[in-house]
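The next block is target.tsv, given as TSV, C-alpha atoms.
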chain	number	residue	atom	x	y	z
A	1	MET	CA	50.79	54.44	-83.30
A	2	GLU	CA	49.19	51.92	-85.63
A	3	GLU	CA	45.47	51.51	-84.93
A	4	ARG	CA	42.78	49.13	-85.87
A	5	GLU	CA	39.26	50.48	-86.13
A	6	ALA	CA	36.08	48.73	-85.19
A	7	GLU	CA	33.65	47.67	-87.86
A	8	SER	CA	31.48	50.81	-87.56
A	9	SER	CA	32.14	54.25	-89.04
A	10	PRO	CA	35.70	55.59	-89.04
A	11	VAL	CA	37.03	57.97	-86.44
A	12	ALA	CA	35.97	61.55	-87.24
A	13	GLU	CA	38.75	63.68	-88.66
A	14	LYS	CA	39.88	66.58	-86.54
A	15	LYS	CA	40.61	69.45	-88.88
A	16	GLU	CA	42.79	71.57	-86.64
A	17	ALA	CA	44.93	73.85	-88.71
A	18	GLU	CA	48.71	73.59	-88.41
A	19	GLU	CA	48.57	70.83	-85.82
A	20	GLU	CA	51.58	68.57	-85.66
A	21	ASP	CA	51.12	64.89	-86.42
A	22	ASP	CA	50.31	63.13	-83.17
A	23	PHE	CA	50.80	59.72	-84.84
A	24	GLY	CA	47.40	58.57	-83.61
A	25	TYR	CA	48.13	58.97	-79.91
A	26	ARG	CA	45.02	61.16	-79.49
A	27	LEU	CA	42.97	57.96	-79.92
A	28	PHE	CA	44.72	56.41	-76.92
A	29	PRO	CA	44.49	59.09	-74.20
A	30	ASP	CA	45.53	56.69	-71.42
A	31	ARG	CA	48.94	56.11	-73.02
A	32	ASN	CA	50.54	59.06	-71.29
A	33	LYS	CA	48.66	58.81	-68.02
A	34	LYS	CA	49.56	57.06	-64.83
A	35	PRO	CA	47.85	53.68	-64.48
A	36	GLN	CA	44.65	53.76	-62.46
A	37	SER	CA	44.46	52.13	-59.05
A	38	PHE	CA	43.55	48.46	-58.90
A	39	LEU	CA	40.17	49.19	-57.27
A	40	VAL	CA	39.11	51.82	-59.79
A	41	ARG	CA	40.26	49.64	-62.66
A	42	SER	CA	38.42	46.58	-61.39
A	43	LEU	CA	35.14	48.24	-60.46
A	44	PHE	CA	34.71	50.92	-63.09
A	45	THR	CA	36.33	49.61	-66.26
A	46	PHE	CA	36.31	46.48	-68.38
A	47	HIS	CA	39.97	45.88	-67.54
A	48	ASN	CA	39.53	42.45	-65.96
A	49	LYS	CA	37.28	41.24	-68.78
A	50	CYS	CA	39.84	42.43	-71.31
A	51	GLN	CA	42.65	40.62	-69.52
A	52	LEU	CA	40.64	37.41	-69.35
A	53	MET	CA	39.71	37.49	-73.04
A	54	LEU	CA	43.31	38.27	-73.95
A	55	ARG	CA	44.53	35.27	-72.00
A	56	ILE	CA	42.01	33.00	-73.71
A	57	THR	CA	43.16	34.28	-77.10
A	58	LEU	CA	46.85	33.79	-76.38
A	59	GLU	CA	46.32	30.28	-75.05
A	60	THR	CA	43.79	28.89	-77.50
A	61	ASN	CA	43.70	30.86	-80.73
A	62	PRO	CA	45.87	29.24	-83.45
A	63	TYR	CA	46.54	32.57	-85.20
A	64	ALA	CA	47.90	34.12	-82.00
A	65	ARG	CA	49.88	31.04	-81.03
A	66	LEU	CA	51.63	30.93	-84.39
A	67	LEU	CA	52.49	34.62	-84.18
A	68	LEU	CA	53.79	34.28	-80.64
A	69	GLU	CA	56.05	31.43	-81.68
A	70	ALA	CA	57.22	33.32	-84.77
A	71	LEU	CA	58.02	36.35	-82.60
A	72	LYS	CA	59.93	34.15	-80.20
A	73	GLN	CA	61.91	32.65	-83.07
A	74	SER	CA	62.76	36.15	-84.22
A	75	GLY	CA	64.11	37.02	-80.78
A	76	CYS	CA	61.05	38.89	-79.46
A	77	THR	CA	59.44	36.81	-76.76
A	78	VAL	CA	56.10	38.33	-75.83
A	79	PHE	CA	55.28	38.82	-72.16
A	80	ASN	CA	51.66	39.48	-71.32
A	81	ASP	CA	52.27	42.22	-68.75
A	82	ARG	CA	55.02	43.96	-70.74
A	83	HIS	CA	53.74	43.79	-74.30
A	84	PHE	CA	49.99	44.07	-73.84
A	85	SER	CA	47.99	46.83	-72.22
A	86	CYS	CA	44.21	46.98	-71.78
A	87	GLU	CA	43.15	50.62	-71.78
A	88	ASN	CA	40.21	52.84	-72.52
A	89	CYS	CA	40.40	54.33	-75.98
A	90	ASP	CA	38.72	57.04	-77.93
A	91	GLY	CA	35.94	56.55	-80.43
A	92	CYS	CA	35.61	53.33	-82.34
A	93	VAL	CA	39.21	52.17	-82.13
A	94	SER	CA	39.75	48.53	-81.17
A	95	GLY	CA	43.46	48.47	-80.60
A	96	GLY	CA	46.89	49.63	-81.68
A	97	PHE	CA	50.59	48.89	-81.72
A	98	ASP	CA	52.78	51.46	-80.00
A	99	ALA	CA	56.12	51.15	-81.76
A	100	ALA	CA	57.74	53.63	-79.36
A	101	THR	CA	57.31	51.20	-76.46
A	102	SER	CA	56.84	47.92	-78.40
A	103	GLN	CA	53.46	47.46	-76.76
A	104	ILE	CA	50.09	46.31	-78.03
A	105	VAL	CA	47.16	48.38	-76.78
A	106	LEU	CA	43.76	46.73	-76.50
A	107	CYS	CA	40.71	48.95	-76.15
A	108	GLN	CA	38.86	47.42	-73.23
A	109	ASN	CA	35.90	49.74	-73.73
A	110	ASN	CA	35.40	48.66	-77.35
A	111	ILE	CA	36.16	44.94	-77.36
A	112	HIS	CA	33.34	42.92	-75.85
A	113	GLN	CA	33.38	39.62	-77.70
A	114	GLN	CA	35.99	36.91	-77.74
A	115	SER	CA	35.97	36.67	-81.54
A	116	HIS	CA	36.66	40.40	-81.76
A	117	MET	CA	39.52	40.07	-79.25
A	118	ASN	CA	40.98	37.22	-81.33
A	119	ARG	CA	41.04	39.37	-84.45
A	120	VAL	CA	42.42	42.48	-82.78
A	121	VAL	CA	45.21	40.55	-81.05
A	122	THR	CA	46.12	38.81	-84.32
A	123	HIS	CA	46.11	42.11	-86.16
A	124	GLU	CA	48.38	43.83	-83.66
A	125	LEU	CA	50.68	40.85	-83.30
A	126	ILE	CA	51.29	41.07	-87.04
A	127	HIS	CA	52.44	44.67	-86.55
A	128	ALA	CA	54.63	43.52	-83.66
A	129	PHE	CA	56.07	40.74	-85.84
A	130	ASP	CA	56.91	43.22	-88.60
A	131	HIS	CA	58.50	45.52	-86.01
A	132	CYS	CA	60.58	42.64	-84.71
A	133	ARG	CA	61.79	41.19	-88.01
A	134	ALA	CA	62.34	44.32	-90.09
A	135	HIS	CA	63.50	47.91	-89.87
A	136	VAL	CA	60.04	49.41	-90.17
A	137	ASP	CA	60.03	53.19	-90.05
A	138	TRP	CA	56.59	53.57	-88.53
A	139	PHE	CA	56.68	57.30	-88.04
A	140	LYS	CA	58.33	58.69	-91.16
A	141	ASN	CA	57.74	56.22	-93.98
A	142	VAL	CA	54.10	55.91	-95.03
A	143	LYS	CA	54.90	53.00	-97.34
A	144	HIS	CA	56.23	50.96	-94.44
A	145	LEU	CA	53.10	51.71	-92.44
A	146	ALA	CA	50.95	50.87	-95.45
A	147	CYS	CA	52.70	47.53	-95.93
A	148	SER	CA	52.14	46.46	-92.34
A	149	GLU	CA	48.49	47.52	-92.45
A	150	ILE	CA	47.94	45.58	-95.68
A	151	ARG	CA	49.45	42.47	-94.13
A	152	ALA	CA	47.50	42.86	-90.90
A	153	ALA	CA	44.17	43.38	-92.68
A	154	ASN	CA	44.88	40.41	-94.96
A	155	LEU	CA	46.08	37.86	-92.44
A	156	SER	CA	44.08	38.63	-89.29
A	157	GLY	CA	40.61	37.81	-90.60
A	158	ASP	CA	39.54	41.46	-90.82
A	159	CYS	CA	38.49	40.97	-94.43
A	160	THR	CA	36.53	37.74	-94.39
A	161	LEU	CA	33.35	37.75	-96.43
A	162	MET	CA	31.14	37.62	-93.35
A	163	ASN	CA	32.89	40.61	-91.76
A	164	GLU	CA	32.47	42.58	-94.96
A	165	ILE	CA	28.80	41.70	-95.22
A	166	ALA	CA	28.37	42.86	-91.62
A	167	ARG	CA	29.78	46.21	-92.75
A	168	PHE	CA	27.29	46.22	-95.65
A	169	LYS	CA	30.11	45.92	-98.16
A	170	PHE	CA	29.22	43.37	-100.79
A	171	GLY	CA	31.50	41.83	-103.36
A	172	LEU	CA	32.83	38.43	-104.29
A	173	LYS	CA	35.41	38.12	-107.06
A	174	GLY	CA	38.69	39.26	-105.56
A	175	HIS	CA	36.82	41.39	-103.05
A	176	ARG	CA	39.30	40.54	-100.32
A	177	GLN	CA	41.88	42.72	-102.02
A	178	THR	CA	39.44	45.63	-102.21
A	179	CYS	CA	38.71	45.24	-98.49
A	180	VAL	CA	42.40	45.04	-97.54
A	181	ARG	CA	43.20	48.12	-99.60
A	182	ASP	CA	40.35	50.16	-98.13
A	183	ARG	CA	41.08	49.19	-94.54
A	184	ALA	CA	44.78	49.92	-94.94
A	185	ILE	CA	44.01	53.40	-96.30
A	186	ARG	CA	41.56	54.04	-93.49
A	187	SER	CA	44.07	52.97	-90.84
A	188	ILE	CA	46.76	55.22	-92.28
A	189	LEU	CA	44.43	58.22	-92.36
A	190	ALA	CA	43.44	57.65	-88.75
A	191	VAL	CA	46.98	57.79	-87.40
A	192	ARG	CA	48.86	60.05	-89.81
A	193	LYS	CA	48.18	63.56	-90.97
A	194	VAL	CA	48.48	62.79	-94.66
A	195	SER	CA	46.05	63.40	-97.48
A	196	LYS	CA	43.84	60.62	-98.81
A	197	GLU	CA	45.72	60.74	-102.09
A	198	THR	CA	49.04	60.21	-100.30
A	199	ALA	CA	47.65	57.26	-98.37
A	200	GLU	CA	46.13	55.72	-101.50
A	201	LYS	CA	49.35	56.19	-103.45
A	202	ALA	CA	51.42	54.56	-100.69
A	203	VAL	CA	49.06	51.60	-100.46
A	204	ASP	CA	48.91	51.12	-104.22
A	205	GLU	CA	52.70	51.21	-104.56
A	206	VAL	CA	53.32	48.46	-102.03
A	207	PHE	CA	50.11	46.47	-102.43
A	208	ASP	CA	51.36	43.60	-104.59
A	209	ALA	CA	54.46	43.00	-102.51
A	210	CYS	CA	52.67	43.21	-99.16
A	211	PHE	CA	49.46	41.38	-100.05
A	212	ASN	CA	51.65	38.47	-101.12
A	213	ASP	CA	53.92	38.65	-98.07
A	214	LEU	CA	52.26	35.98	-95.95
A	215	GLU	CA	54.88	35.56	-93.23
A	216	PRO	CA	54.76	33.85	-90.79
A	217	PHE	CA	51.64	32.00	-91.99
A	218	GLY	CA	52.84	31.01	-95.44
A	219	ARG	CA	49.23	31.17	-96.64
A	220	ILE	CA	46.19	33.37	-96.12
A	221	PRO	CA	44.49	31.70	-93.12
A	222	HIS	CA	40.82	31.74	-94.05
A	223	SER	CA	39.78	29.76	-90.98
A	224	ARG	CA	41.06	28.27	-87.74
A	225	ALA	CA	41.79	25.06	-89.66
A	226	ASP	CA	43.98	27.00	-92.07
A	227	ALA	CA	45.74	28.67	-89.15
A	228	LYS	CA	46.40	25.24	-87.61
A	229	ARG	CA	47.86	24.02	-90.90
A	230	ALA	CA	50.04	27.11	-91.03
A	231	TYR	CA	51.16	26.46	-87.45
A	232	ARG	CA	52.04	22.87	-88.33
A	233	ASP	CA	54.08	24.06	-91.33
A	234	PHE	CA	55.82	26.65	-89.17
A	235	GLN	CA	56.81	24.01	-86.65
A	236	ASN	CA	58.13	21.80	-89.48
A	237	ARG	CA	60.05	24.55	-91.23
A	238	ASP	CA	63.46	23.18	-90.24
A	239	ARG	CA	62.70	19.90	-91.97
A	240	TYR	CA	61.27	21.80	-94.94
A	241	ASN	CA	64.32	24.02	-95.41
A	242	ALA	CA	66.79	21.21	-94.86
A	243	ASN	CA	65.24	19.02	-97.53
A	244	LEU	CA	64.67	21.50	-100.32
B	245	VAL	CA	80.71	18.27	-101.70
B	246	GLY	CA	77.36	16.60	-101.19
B	247	ARG	CA	75.97	15.46	-97.89
B	248	ARG	CA	75.63	11.74	-97.38
B	249	GLY	CA	72.80	10.24	-95.38
B	250	ARG	CA	73.89	7.75	-92.77
B	251	GLY	CA	73.78	4.29	-94.25
B	252	ARG	CA	72.17	5.53	-97.41
B	253	ALA	CA	74.08	5.89	-100.63
B	254	GLY	CA	73.34	8.67	-103.07
B	255	SER	CA	70.58	7.92	-105.49
B	256	ALA	CA	71.79	6.42	-108.73
B	257	GLY	CA	72.28	9.04	-111.41
B	258	TYR	CA	72.05	12.01	-108.99
B	259	PRO	CA	75.52	13.08	-107.94
B	260	GLY	CA	74.51	15.75	-105.43
B	261	ARG	CA	73.26	15.60	-101.92
B	262	VAL	CA	71.08	12.87	-100.58
B	263	ARG	CA	68.06	14.19	-98.79
B	264	PRO	CA	66.89	11.82	-96.06
B	265	GLN	CA	63.21	12.74	-96.35
B	266	PRO	CA	60.79	14.85	-98.38
B	267	PRO	CA	60.34	18.50	-97.35
B	268	ARG	CA	56.88	17.64	-96.00
B	269	SER	CA	55.38	14.33	-95.01
B	270	CYS	CA	53.34	12.62	-97.71
B	271	GLU	CA	50.24	12.89	-95.51
B	272	ASP	CA	50.66	16.66	-95.59
B	273	TYR	CA	50.74	16.67	-99.41
B	274	TRP	CA	47.63	14.51	-99.52
B	275	GLY	CA	45.92	16.77	-96.97
B	276	GLU	CA	46.82	19.90	-98.95
B	277	TRP	CA	45.51	18.34	-102.17
B	278	LYS	CA	42.24	17.33	-100.59
B	279	HIS	CA	41.86	20.73	-98.94
B	280	CYS	CA	42.64	22.50	-102.21
B	281	ARG	CA	39.95	20.57	-104.07
B	282	GLY	CA	37.28	21.36	-101.48
B	283	LEU	CA	34.45	23.77	-102.16
B	284	ARG	CA	35.27	25.95	-99.19
B	285	HIS	CA	38.85	26.53	-100.34
B	286	ALA	CA	37.72	27.19	-103.91
B	287	PHE	CA	35.36	29.84	-102.60
B	288	HIS	CA	38.02	31.49	-100.41
B	289	HIS	CA	40.53	31.47	-103.26
B	290	TYR	CA	38.01	33.08	-105.63
B	291	TYR	CA	37.16	35.69	-103.00
B	292	ALA	CA	40.86	36.49	-102.43
B	293	HIS	CA	42.32	36.20	-105.94
B	294	GLY	CA	39.41	36.36	-108.34
B	295	GLU	CA	40.11	32.92	-109.80
B	296	LEU	CA	39.74	29.27	-108.90
B	297	PRO	CA	42.75	27.45	-107.44
B	298	ALA	CA	44.94	25.06	-109.38
B	299	CYS	CA	45.35	21.90	-107.34
B	300	GLY	CA	47.09	19.55	-109.74
B	301	ARG	CA	50.47	20.49	-108.39
B	302	TRP	CA	49.68	19.16	-104.92
B	303	ARG	CA	48.63	15.86	-106.49
B	304	ASP	CA	51.88	15.68	-108.45
B	305	ASP	CA	53.83	16.48	-105.30
B	306	TYR	CA	51.99	13.78	-103.38
B	307	GLU	CA	52.76	11.17	-106.02
B	308	ALA	CA	56.41	12.24	-106.15
B	309	CYS	CA	56.55	12.02	-102.35
B	310	ARG	CA	55.17	8.49	-102.39
B	311	ALA	CA	57.66	7.47	-105.08
B	312	TRP	CA	60.43	9.00	-102.98
B	313	GLU	CA	59.45	7.08	-99.88
B	314	LYS	CA	58.77	3.82	-101.64
B	315	ASN	CA	61.54	3.61	-104.23
B	316	ARG	CA	63.84	6.50	-103.29
B	317	ALA	CA	63.59	7.43	-106.97
B	318	ALA	CA	65.98	10.22	-107.88
B	319	ALA	CA	63.61	11.70	-110.46
B	320	ALA	CA	60.83	11.91	-107.87
B	321	GLN	CA	63.12	13.62	-105.36
B	322	GLU	CA	64.26	16.15	-107.89
B	323	ALA	CA	60.74	16.84	-109.17
B	324	LEU	CA	59.39	17.35	-105.68
B	325	CYS	CA	62.23	19.62	-104.59
B	326	LYS	CA	61.95	21.61	-107.80
B	327	SER	CA	58.24	22.11	-107.17
B	328	GLU	CA	58.84	23.26	-103.59
B	329	ARG	CA	61.66	25.58	-104.60
B	330	ALA	CA	59.35	27.10	-107.22
B	331	ARG	CA	56.80	27.73	-104.44
B	332	VAL	CA	59.44	29.54	-102.42
B	333	MET	CA	60.52	31.60	-105.44
B	334	GLU	CA	56.92	32.59	-106.18
B	335	ARG	CA	56.67	34.08	-102.71
B	336	GLN	CA	59.90	36.02	-103.20
B	337	LYS	CA	59.15	37.49	-106.61
B	338	TYR	CA	58.34	40.96	-105.26
B	339	ALA	CA	61.05	43.29	-104.01
B	340	PRO	CA	60.83	43.70	-100.22
B	341	VAL	CA	59.46	46.98	-98.95
B	342	TRP	CA	61.69	47.07	-95.90
B	343	LYS	CA	65.10	45.82	-94.83
B	344	LEU	CA	65.11	42.77	-92.58
B	345	ARG	CA	66.76	43.01	-89.21
B	346	LYS	CA	69.72	40.92	-88.11
B	347	SER	CA	68.75	41.22	-84.45
B	348	PRO	CA	65.54	42.18	-82.62
B	349	PRO	CA	64.80	45.80	-81.68
B	350	LEU	CA	66.85	47.04	-78.72
B	351	ASP	CA	63.85	48.37	-76.83
B	352	TRP	CA	61.71	45.21	-77.02
B	353	TYR	CA	62.61	44.12	-73.52
B	354	LEU	CA	63.22	47.53	-71.97
B	355	PRO	CA	60.94	48.23	-68.99
B	356	LEU	CA	58.12	50.66	-69.55
B	357	ASP	CA	58.48	54.17	-68.23
B	358	HIS	CA	55.00	55.36	-67.29
B	359	ASP	CA	56.13	58.91	-66.57
B	360	LYS	CA	57.68	59.38	-69.98
B	361	SER	CA	55.53	61.40	-72.33
B	362	ASN	CA	55.38	60.49	-76.01
Full structure transcribed into structure tokens:
Amino acid sequence: MEEREAESSPVAEKKEAEEEDDFGYRLFPDRNKKPQSFLVRSLFTFHNKCQLMLRITLETNPYARLLLEALKQSGCTVFNDRHFSCENCDGCVSGGFDAATSQIVLCQNNIHQQSHMNRVVTHELIHAFDHCRAHVDWFKNVKHLACSEIRAANLSGDCTLMNEIARFKFGLKGHRQTCVRDRAIRSILAVRKVSKETAEKAVDEVFDACFNDLEPFGRIPHSRADAKRAYRDFQNRDRYNANL
Amino acid sequence: VGRRGRGRAGSAGYPGRVRPQPPRSCEDYWGEWKHCRGLRHAFHHYYAHGELPACGRWRDDYEACRAWEKNRAAAAQEALCKSERARVMERQKYAPVWKLRKSPPLDWYLPLDHDKSN
């Protein structure tokens, strides 16, 4: 399970000796449970709000629309009720990508603003895109996981200056790379039972290649306008490739 | 064997293929140049890469694009395509971390099994 944490403090580590790697599924306790009844879900959870915000994101957000089209072009058409699931999650987690079922999990109890939903959906769609276009060994190869987390942190808007300032992390010259690196390491540690040194080593080894892998955007989208430009370029890619 | 555009002969002095149009529209090159020169983009580039962006290339590409459209100049076509190919090569300079698929994952469309434990 690849997870994306909220902006507050990281999930507390559970130091249980000799426990097998649960791949982050402990953060998503509803994954293995039967779905709740419609009445319980509607009255006692934020399920409907989550579904509404998700729909708004998929229909209006240029980041998400580009990723959906790129996924479709790669042969992975996304269906709302098959590939998204709004669930209650543990701790401060905002969402995750379950590679075992090819499903994006959105934490309905932790996402309360549309801008947050936009970022989480973009982040997880990037994982889904990587899963669709490449043989990513999510569960056994930490470098593969690191690469996808670097790309997702870089391209989803997780590491904008304003988001970093909101986390009380200040820096300017090349700070985006510091943010991407730190968030990738944190995400790996949350879902894999590896040491910090292992996570840092994996991230450092693949950082240059993955920070500069900007597919399907072709650029780092710093704003909605950038994302719209990227979407325009994506739609014109046939002309571009034919006339090189 | 080069491709021939319908009704358009190959550009004089360039024996290869004739490309009917530039890779991007000239308005796109102009837009990219203007965007690149803006303060907001300079800030974002400095924040991401630790240096200010170099925008002269977009201007050169725009001028080559205009020359292509106006005069169908072979030199302009070649310069523009060379610049775009260099952009593509820059993105591919790092060895890929993973192997690309030839077809999507088999389980992408499989129905969910809610009783299955992970």
(Q) Would you mind listing, as number ranges by chain, all residues of chain B that have at least one atom within 7 Å of chain A, where only C-alpha atoms are what counts? (A) B: 263, 265-268, 288, 290-294, 325, 328-329, 335, 338-345, 348-349, 352, 356, 358, 361-362
Find the smallest box with edges along x, y and z containing every listed atom of region 293-302 of chain B, then add 8 Å on each side and report centre and edge lengths in Å to one decimal, as AutoDock Vina command-line options.
--center_x 44.9 --center_y 27.8 --center_z -107.4 --size_x 27.1 --size_y 33.2 --size_z 20.9
The distance between CA of Cys50 (chain A) and CA of Tyr63 (chain A) is 18.3 Å
Using all atoms listed in the file, the best pick from B:Pro264, B:His285, B:Trp274, B:Lys346 as closest to Ala318 (chain B) would be B:Pro264
In terms of all atoms listed in the file, the residue from B:Arg281, B:Cys309, B:Asp357, B:Leu324 at minimal distance from Pro297 (chain B) is B:Arg281
Counting only C-alpha atoms, the residue among B:Arg310, B:Glu276, B:Leu283, B:Arg301 that lies closest to Arg219 (chain A) is B:Glu276
- Task: Have a look at CA of Ala320 (chain B) and CA of Phe217 (chain A) and let me know their distance in Å, one decimal.
- Result: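 CA of Phe217 (chain A) lies at a distance of 27.2 Å from CA of Ala320 (chain B).
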| task | With only C-alpha atoms counted, which protein, DNA or RNA residues have an atom no more than 10 Å from (39.7, 44.1, -81.3) in the file frame? Please answer as a ChimeraX atom specification. | result | /A:4-7,93-96,105-108,110-124,158
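Restricting the calculation to only C-alpha atoms, the smallest distance between Ala153 (chain A) and any of A:Ser195, A:Gln73, A:Asn80, A:Ser187 is found for A:Ser187.
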Here CA of Ala64 (chain A) and CA of Asn141 (chain A) stand apart by 27.0 Å
Closest of B:Ser347, B:Ser327, B:Arg316, B:Gly275 to Asp304 (chain B), counting all atoms listed in the file, is B:Ser327
